[in-house]
Amino acid sequence: MSFSNLGLSEPILRALKEKGYTKPTPIQEQVIPVILEKKDVLAGAQTGTGKTAGFTLPLLQRLFDTKISKNIKVKPPVKALILTPTRELAAQVGENVEMYSKYLPFKSAVIFGGVGINPQRAIIKKGVDILVATPGRLLDLVSQNSLDLSKVEFFVLDEADRMLDMGFIHDIKKVLALLPTNRQNLLFSATFSDDIKKLADRLLDKPTLIEVEKINSSNETIKQIVHPVDRERKRELLIHLIKKDNWKQVLVFTRTKHGANRLSEQLNKFDITSAAIHGNKSQGARTKALANFKDGTISVLVATDIAARGIDIDQLPHVVNFELPNIAEDYVHRIGRTGRAGHEGEAVSLVCIDEHDYLKGIEKLIDQKIQKVKIDGFEVNPSIKAEPITQGRNSGNRGGSNNRGNSSRNNSKGNNRGSRGSSSRNNSKSNSKNDSRGSRRTQGRTSSK
Ligand code: AMP
């Protein structure tokens, strides 16, 4: 199967060729023809499967088809809306849209909170065909009469499960109410909880169900290893591993923002260039950290779970769980940062006695035992007893989602939005606390052709 068999036009094929994609991934193979047939889609696919191109390519193709048949307007209305839970993901999807539409006459833009709204307003005013957005800022712009969604023909809800986890259900409903009834809807989710099914019922019209990889079948190209280690020796072991094998690009996960900061500082003291990325970091710091990590200026990025969503680095070789996540699904999301689109990756977890229950939960979810490898010199001291993982380390803050989302995993009704009321929307300071709204990009990037 090649992209040209899928009914994509030459300008899209040219962009794909330039990107170096030789053949579609399984999700792309399945989803592209269905979207081109104008059907609604409910797709089960996690990050790393190529899902973004899976919905972007046919969406561009459909826009291209209608563009040819209609007059090209100077100032286009928003025709495709892609909603994502986090700023990082919005920026990532936006980059993809820009890349794949390189040779097409469309304008795309990315909007999210935590940065100035005026530049985004200005961009939208000029006209945008494809808009990638996080829900809060999108609604802000609509409420200020700066954005009209009444001409949307394609609506994509990306990482819908994460959206619900983060308490965006009310915003999603508000957005839906702003869209015209006649449109094509695509819902992408890594998991299918009852709440997702309810949302799908509400949103989708006779959807085609496409499922490529279940959340509990974690990616086969990822080599997973557990290194048993004592609680107090994790940092030492991490430094040992990085130096021993001369790791150059390592994404390290901690459960808390504080833990991320501390670890990053300690690594720097040991001459391992590092930065932390989480919701309490300023927009500029996050942007810089991610850029430095991507271009190799720093070799370790220490991240909390939500902050890492949307981080997409080609051929990221190593992910380290400095602490296991307290929510098993997060393990799959974390390790999914490596081994993307068929590249090999290694996910290493440093596990102390306190985390054995977390490990059991993860192994149950992925339905496999993770290989345990002891490291010489770091043998576990059997006299150390398990201690409860305290509030400070496991505050339920989801290592960065902080002032909302907290228990939302267990309450996927998603109404525990914490500070994200309408008032907080206008308060970029409070926004900046939310990892979900963080980004490594500057505001309102647009691409026009
Ligand atoms: P996604 O699941 O959309 O986040 O994509 C994961 C990664 O796969 C990204 O780095 C994409 O650039 C890459 N990718 C998407 N489609 C293909 C393809 N057909 N061939 C190779 N890489 C791809």
# chains A, B, ... in the order shown; residues from 1 in each chain; ligands from 1
>>> select_by_dssp(residues="segment 163-326 of chain A", states="strand (DSSP E)", output="PyMOL selection string")
chain A and resi 184-189+208-211+222-228+250-253+274-277+300-303+318-321
>>> atom_distance(atom1="atom CA of Glu37 of chain A", atom2="atom CA of Ile111 of chain A")
28.9 Å
>>> closest_residue(among="A:Glu346, A:Glu95, A:Asp129, A:Glu323", to="Lys234 of chain A", atoms="only C-alpha atoms")
A:Glu323
>>> closest_residue(among="A:Arg183, A:Lys102, A:Arg337, A:Lys374", to="ligand 1", atoms="only C-alpha atoms and all ligand atoms")
A:Arg337
>>> select_by_dssp(residues="segment 136-370 of chain A", states="helix (DSSP H, G or I)", output="VMD selection string")
chain A and resid 136 to 143 160 to 165 169 to 178 194 to 203 231 to 244 257 to 269 283 to 295 305 to 308 328 to 335 340 to 342 353 to 366
>>> closest_residue(among="A:Asp305, A:Asp295, A:Asp158, A:Asp140", to="ligand 1", atoms="only C-alpha atoms and all ligand atoms")
A:Asp158
>>> closest_residue(among="A:Ile375, A:Ile32, A:Leu141, A:Ala200", to="ligand 1", atoms="only C-alpha atoms and all ligand atoms")
A:Ile32
>>> residues_around(residues="Leu63 of chain A", least_positions_apart="2", cutoff="10 Å", atoms="only C-alpha atoms", output="number ranges by chain")
A: 57-61, 65-69, 79-80, 104-106, 129-130, 153-154
>>> write_last_selection(atoms="all heavy atoms", output="compact mmCIF listing (two decimals), in the first residue's frame")
# COMPACT_ATOMS: atom_id res chain seq x y z
N LEU A 57 -4.39 14.33 6.51
CA LEU A 57 -4.25 14.16 5.06
C LEU A 57 -5.60 14.12 4.33
O LEU A 57 -5.81 14.88 3.38
CB LEU A 57 -3.41 12.91 4.74
CG LEU A 57 -1.98 12.90 5.31
CD1 LEU A 57 -1.29 11.57 5.02
CD2 LEU A 57 -1.16 14.05 4.73
N PRO A 58 -6.54 13.27 4.79
CA PRO A 58 -7.81 13.27 4.06
C PRO A 58 -8.59 14.56 4.25
O PRO A 58 -9.33 14.98 3.35
CB PRO A 58 -8.57 12.08 4.68
CG PRO A 58 -7.93 11.83 5.99
CD PRO A 58 -6.49 12.24 5.83
N LEU A 59 -8.41 15.19 5.40
CA LEU A 59 -9.08 16.47 5.61
C LEU A 59 -8.58 17.51 4.59
O LEU A 59 -9.37 18.22 3.98
CB LEU A 59 -8.77 16.89 7.05
CG LEU A 59 -9.44 18.07 7.68
CD1 LEU A 59 -9.51 17.82 9.19
CD2 LEU A 59 -8.69 19.34 7.44
N LEU A 60 -7.28 17.52 4.40
CA LEU A 60 -6.72 18.44 3.40
C LEU A 60 -7.22 18.09 2.00
O LEU A 60 -7.55 18.96 1.21
CB LEU A 60 -5.18 18.37 3.42
CG LEU A 60 -4.49 18.96 4.66
CD1 LEU A 60 -3.00 18.64 4.63
CD2 LEU A 60 -4.72 20.46 4.74
N GLN A 61 -7.28 16.79 1.76
CA GLN A 61 -7.75 16.36 0.45
C GLN A 61 -9.19 16.82 0.21
O GLN A 61 -9.53 17.32 -0.86
CB GLN A 61 -7.66 14.82 0.36
CG GLN A 61 -8.08 14.25 -0.99
CD GLN A 61 -7.16 14.73 -2.11
OE1 GLN A 61 -5.94 14.71 -1.97
NE2 GLN A 61 -7.75 15.19 -3.22
N ASP A 65 -10.52 19.30 -2.63
CA ASP A 65 -11.57 18.96 -3.58
C ASP A 65 -12.61 20.08 -3.65
O ASP A 65 -13.03 20.49 -4.73
CB ASP A 65 -12.28 17.66 -3.18
CG ASP A 65 -11.35 16.46 -3.32
OD1 ASP A 65 -10.33 16.58 -4.02
OD2 ASP A 65 -11.65 15.42 -2.71
N THR A 66 -13.05 20.55 -2.49
CA THR A 66 -14.09 21.58 -2.51
C THR A 66 -13.52 22.90 -3.00
O THR A 66 -14.22 23.69 -3.62
CB THR A 66 -14.73 21.79 -1.12
OG1 THR A 66 -13.68 21.89 -0.17
CG2 THR A 66 -15.65 20.65 -0.75
N LYS A 67 -12.27 23.12 -2.70
CA LYS A 67 -11.62 24.37 -3.13
C LYS A 67 -11.59 24.47 -4.65
O LYS A 67 -11.79 25.53 -5.21
CB LYS A 67 -10.19 24.40 -2.59
CG LYS A 67 -9.56 25.74 -2.66
CD LYS A 67 -9.43 26.31 -1.27
CE LYS A 67 -9.06 27.74 -1.30
NZ LYS A 67 -9.24 28.41 -0.04
N ILE A 68 -11.34 23.34 -5.27
CA ILE A 68 -11.28 23.34 -6.74
C ILE A 68 -12.67 23.64 -7.30
O ILE A 68 -12.82 24.40 -8.23
CB ILE A 68 -10.75 21.98 -7.26
CG1 ILE A 68 -9.28 21.85 -6.92
CG2 ILE A 68 -10.96 21.87 -8.76
CD1 ILE A 68 -8.71 20.49 -7.21
N SER A 69 -13.66 23.04 -6.67
CA SER A 69 -14.99 23.20 -7.24
C SER A 69 -15.63 24.55 -6.92
O SER A 69 -16.57 24.96 -7.56
CB SER A 69 -15.89 22.06 -6.75
OG SER A 69 -15.98 22.11 -5.35
N LYS A 79 -12.94 26.30 8.09
CA LYS A 79 -13.67 25.17 7.53
C LYS A 79 -13.34 23.86 8.25
O LYS A 79 -14.11 22.92 8.23
CB LYS A 79 -13.35 25.03 6.03
CG LYS A 79 -13.98 26.18 5.24
CD LYS A 79 -13.92 25.98 3.75
CE LYS A 79 -12.58 26.27 3.14
NZ LYS A 79 -12.04 27.62 3.30
N ALA A 80 -12.15 23.82 8.84
CA ALA A 80 -11.79 22.62 9.60
C ALA A 80 -11.32 23.04 10.99
O ALA A 80 -10.50 23.94 11.13
CB ALA A 80 -10.67 21.87 8.88
N LEU A 104 -0.41 23.38 -0.69
CA LEU A 104 -1.83 23.64 -0.89
C LEU A 104 -2.13 25.10 -0.53
O LEU A 104 -1.44 25.68 0.30
CB LEU A 104 -2.67 22.71 0.00
CG LEU A 104 -2.64 21.22 -0.34
CD1 LEU A 104 -3.28 20.40 0.76
CD2 LEU A 104 -3.32 20.96 -1.67
N PRO A 105 -3.18 25.64 -1.10
CA PRO A 105 -3.44 27.08 -0.90
C PRO A 105 -4.26 27.36 0.36
O PRO A 105 -5.22 28.11 0.32
CB PRO A 105 -4.24 27.44 -2.16
CG PRO A 105 -4.98 26.19 -2.48
CD PRO A 105 -4.14 25.03 -2.05
N PHE A 106 -3.90 26.71 1.48
CA PHE A 106 -4.70 26.91 2.69
C PHE A 106 -3.91 27.65 3.76
O PHE A 106 -2.70 27.52 3.86
CB PHE A 106 -5.14 25.56 3.27
CG PHE A 106 -5.94 24.74 2.31
CD1 PHE A 106 -5.66 23.39 2.12
CD2 PHE A 106 -6.99 25.32 1.60
CE1 PHE A 106 -6.39 22.63 1.24
CE2 PHE A 106 -7.73 24.57 0.71
CZ PHE A 106 -7.44 23.22 0.53
N ASP A 129 -8.28 28.75 7.11
CA ASP A 129 -9.05 27.59 6.65
C ASP A 129 -9.10 26.50 7.71
O ASP A 129 -10.11 25.86 7.93
CB ASP A 129 -8.41 26.97 5.39
CG ASP A 129 -8.35 27.92 4.23
OD1 ASP A 129 -9.34 27.99 3.48
OD2 ASP A 129 -7.32 28.61 4.09
N ILE A 130 -7.93 26.27 8.33
CA ILE A 130 -7.81 25.15 9.26
C ILE A 130 -7.34 25.71 10.60
O ILE A 130 -6.29 26.35 10.69
CB ILE A 130 -6.79 24.12 8.75
CG1 ILE A 130 -7.20 23.64 7.35
CG2 ILE A 130 -6.67 22.93 9.71
CD1 ILE A 130 -6.03 23.13 6.54
N GLU A 153 -16.78 22.64 8.38
CA GLU A 153 -17.25 21.44 7.67
C GLU A 153 -16.66 20.16 8.26
O GLU A 153 -17.20 19.08 8.11
CB GLU A 153 -16.85 21.52 6.19
CG GLU A 153 -17.52 22.66 5.45
CD GLU A 153 -16.85 22.94 4.10
OE1 GLU A 153 -16.33 22.00 3.47
OE2 GLU A 153 -16.85 24.11 3.68
N PHE A 154 -15.50 20.33 8.92
CA PHE A 154 -14.81 19.16 9.50
C PHE A 154 -14.46 19.46 10.95
O PHE A 154 -13.84 20.49 11.23
CB PHE A 154 -13.51 18.85 8.75
CG PHE A 154 -13.71 18.71 7.29
CD1 PHE A 154 -13.45 19.78 6.44
CD2 PHE A 154 -14.18 17.53 6.74
CE1 PHE A 154 -13.67 19.67 5.08
CE2 PHE A 154 -14.39 17.41 5.39
CZ PHE A 154 -14.13 18.49 4.55
>>> residues_around(residues="Val250 of chain A", least_positions_apart="3", cutoff="8 Å", atoms="only C-alpha atoms", output="PDB file with C-alpha atoms, in the first residue's frame")
ATOM      1  CA  TRP A 247      22.731   8.644  26.124  1.00  0.00           C
ATOM      2  CA  SER A 299      20.469  15.865  26.520  1.00  0.00           C
ATOM      3  CA  VAL A 300      17.856  15.332  29.224  1.00  0.00           C
ATOM      4  CA  LEU A 301      14.356  16.749  29.424  1.00  0.00           C
ATOM      5  CA  LEU A 316      13.579   9.711  20.489  1.00  0.00           C
ATOM      6  CA  PRO A 317      15.696   6.789  21.694  1.00  0.00           C
ATOM      7  CA  HIS A 318      15.175   6.788  25.469  1.00  0.00           C
ATOM      8  CA  VAL A 319      12.346   7.348  27.875  1.00  0.00           C
ATOM      9  CA  VAL A 320      13.054   6.925  31.579  1.00  0.00           C
TER      10      VAL A 320
END
>>> closest_residue(among="A:Lys223, A:His333, A:Lys288, A:Lys257", to="ligand 1", atoms="only C-alpha atoms and all ligand atoms")
A:His333
>>> atom_distance(atom1="atom CA of Leu267 of chain A", atom2="atom CA of Gly279 of chain A")
20.2 Å
>>> residues_around(residues="Gln144 of chain A", least_positions_apart="3", cutoff="12 Å", atoms="only C-alpha atoms", output="PyMOL selection string")
chain A and resi 117-118+121+137-141+147-148+426
>>> residues_around(residues="Glu232 of chain A", least_positions_apart="2", cutoff="12 Å", atoms="only C-alpha atoms", output="list in words")
Pro228, Val229, Asp230, Lys234, Arg235, Glu236, Leu237, Leu238, Phe322, Glu323, Leu350, Val351, Cys352, Ile353, Asp354, Phe378, Val380, Asn381 and Ile384 of chain A
>>> write_last_selection(atoms="C-alpha atoms", output="short mmCIF file (atom, residue, chain, number, x, y, z; two decimals), in the first residue's frame")
data_model
loop_
_atom_site.label_atom_id
_atom_site.label_comp_id
_atom_site.auth_asym_id
_atom_site.auth_seq_id
_atom_site.Cartn_x
_atom_site.Cartn_y
_atom_site.Cartn_z
CA PRO A 228 14.98 -2.37 40.56
CA VAL A 229 16.67 0.25 42.74
CA ASP A 230 16.45 1.73 46.21
CA LYS A 234 17.47 6.54 41.70
CA ARG A 235 19.27 9.71 40.80
CA GLU A 236 22.65 8.00 41.08
CA LEU A 237 21.43 5.16 38.89
CA LEU A 238 20.03 7.53 36.28
CA PHE A 322 12.30 8.08 37.16
CA GLU A 323 9.11 7.46 39.08
CA LEU A 350 13.59 2.89 37.85
CA VAL A 351 11.41 1.11 40.35
CA CYS A 352 11.81 1.16 44.12
CA ILE A 353 9.99 -0.95 46.65
CA ASP A 354 7.30 1.70 47.18
CA PHE A 378 22.77 -0.84 42.52
CA VAL A 380 18.35 -3.49 46.16
CA ASN A 381 18.86 -3.42 49.92
CA ILE A 384 14.49 -1.26 53.21
#
>>> atom_distance(atom1="atom 23 (C, counted along the ligand's line) of ligand 1", atom2="atom CA of Gly50 of chain A")
5.4 Å
>>> closest_residue(among="A:Gln224, A:Gly127, A:Asn321, A:Val332", to="Val373 of chain A", atoms="only C-alpha atoms")
A:Gln224
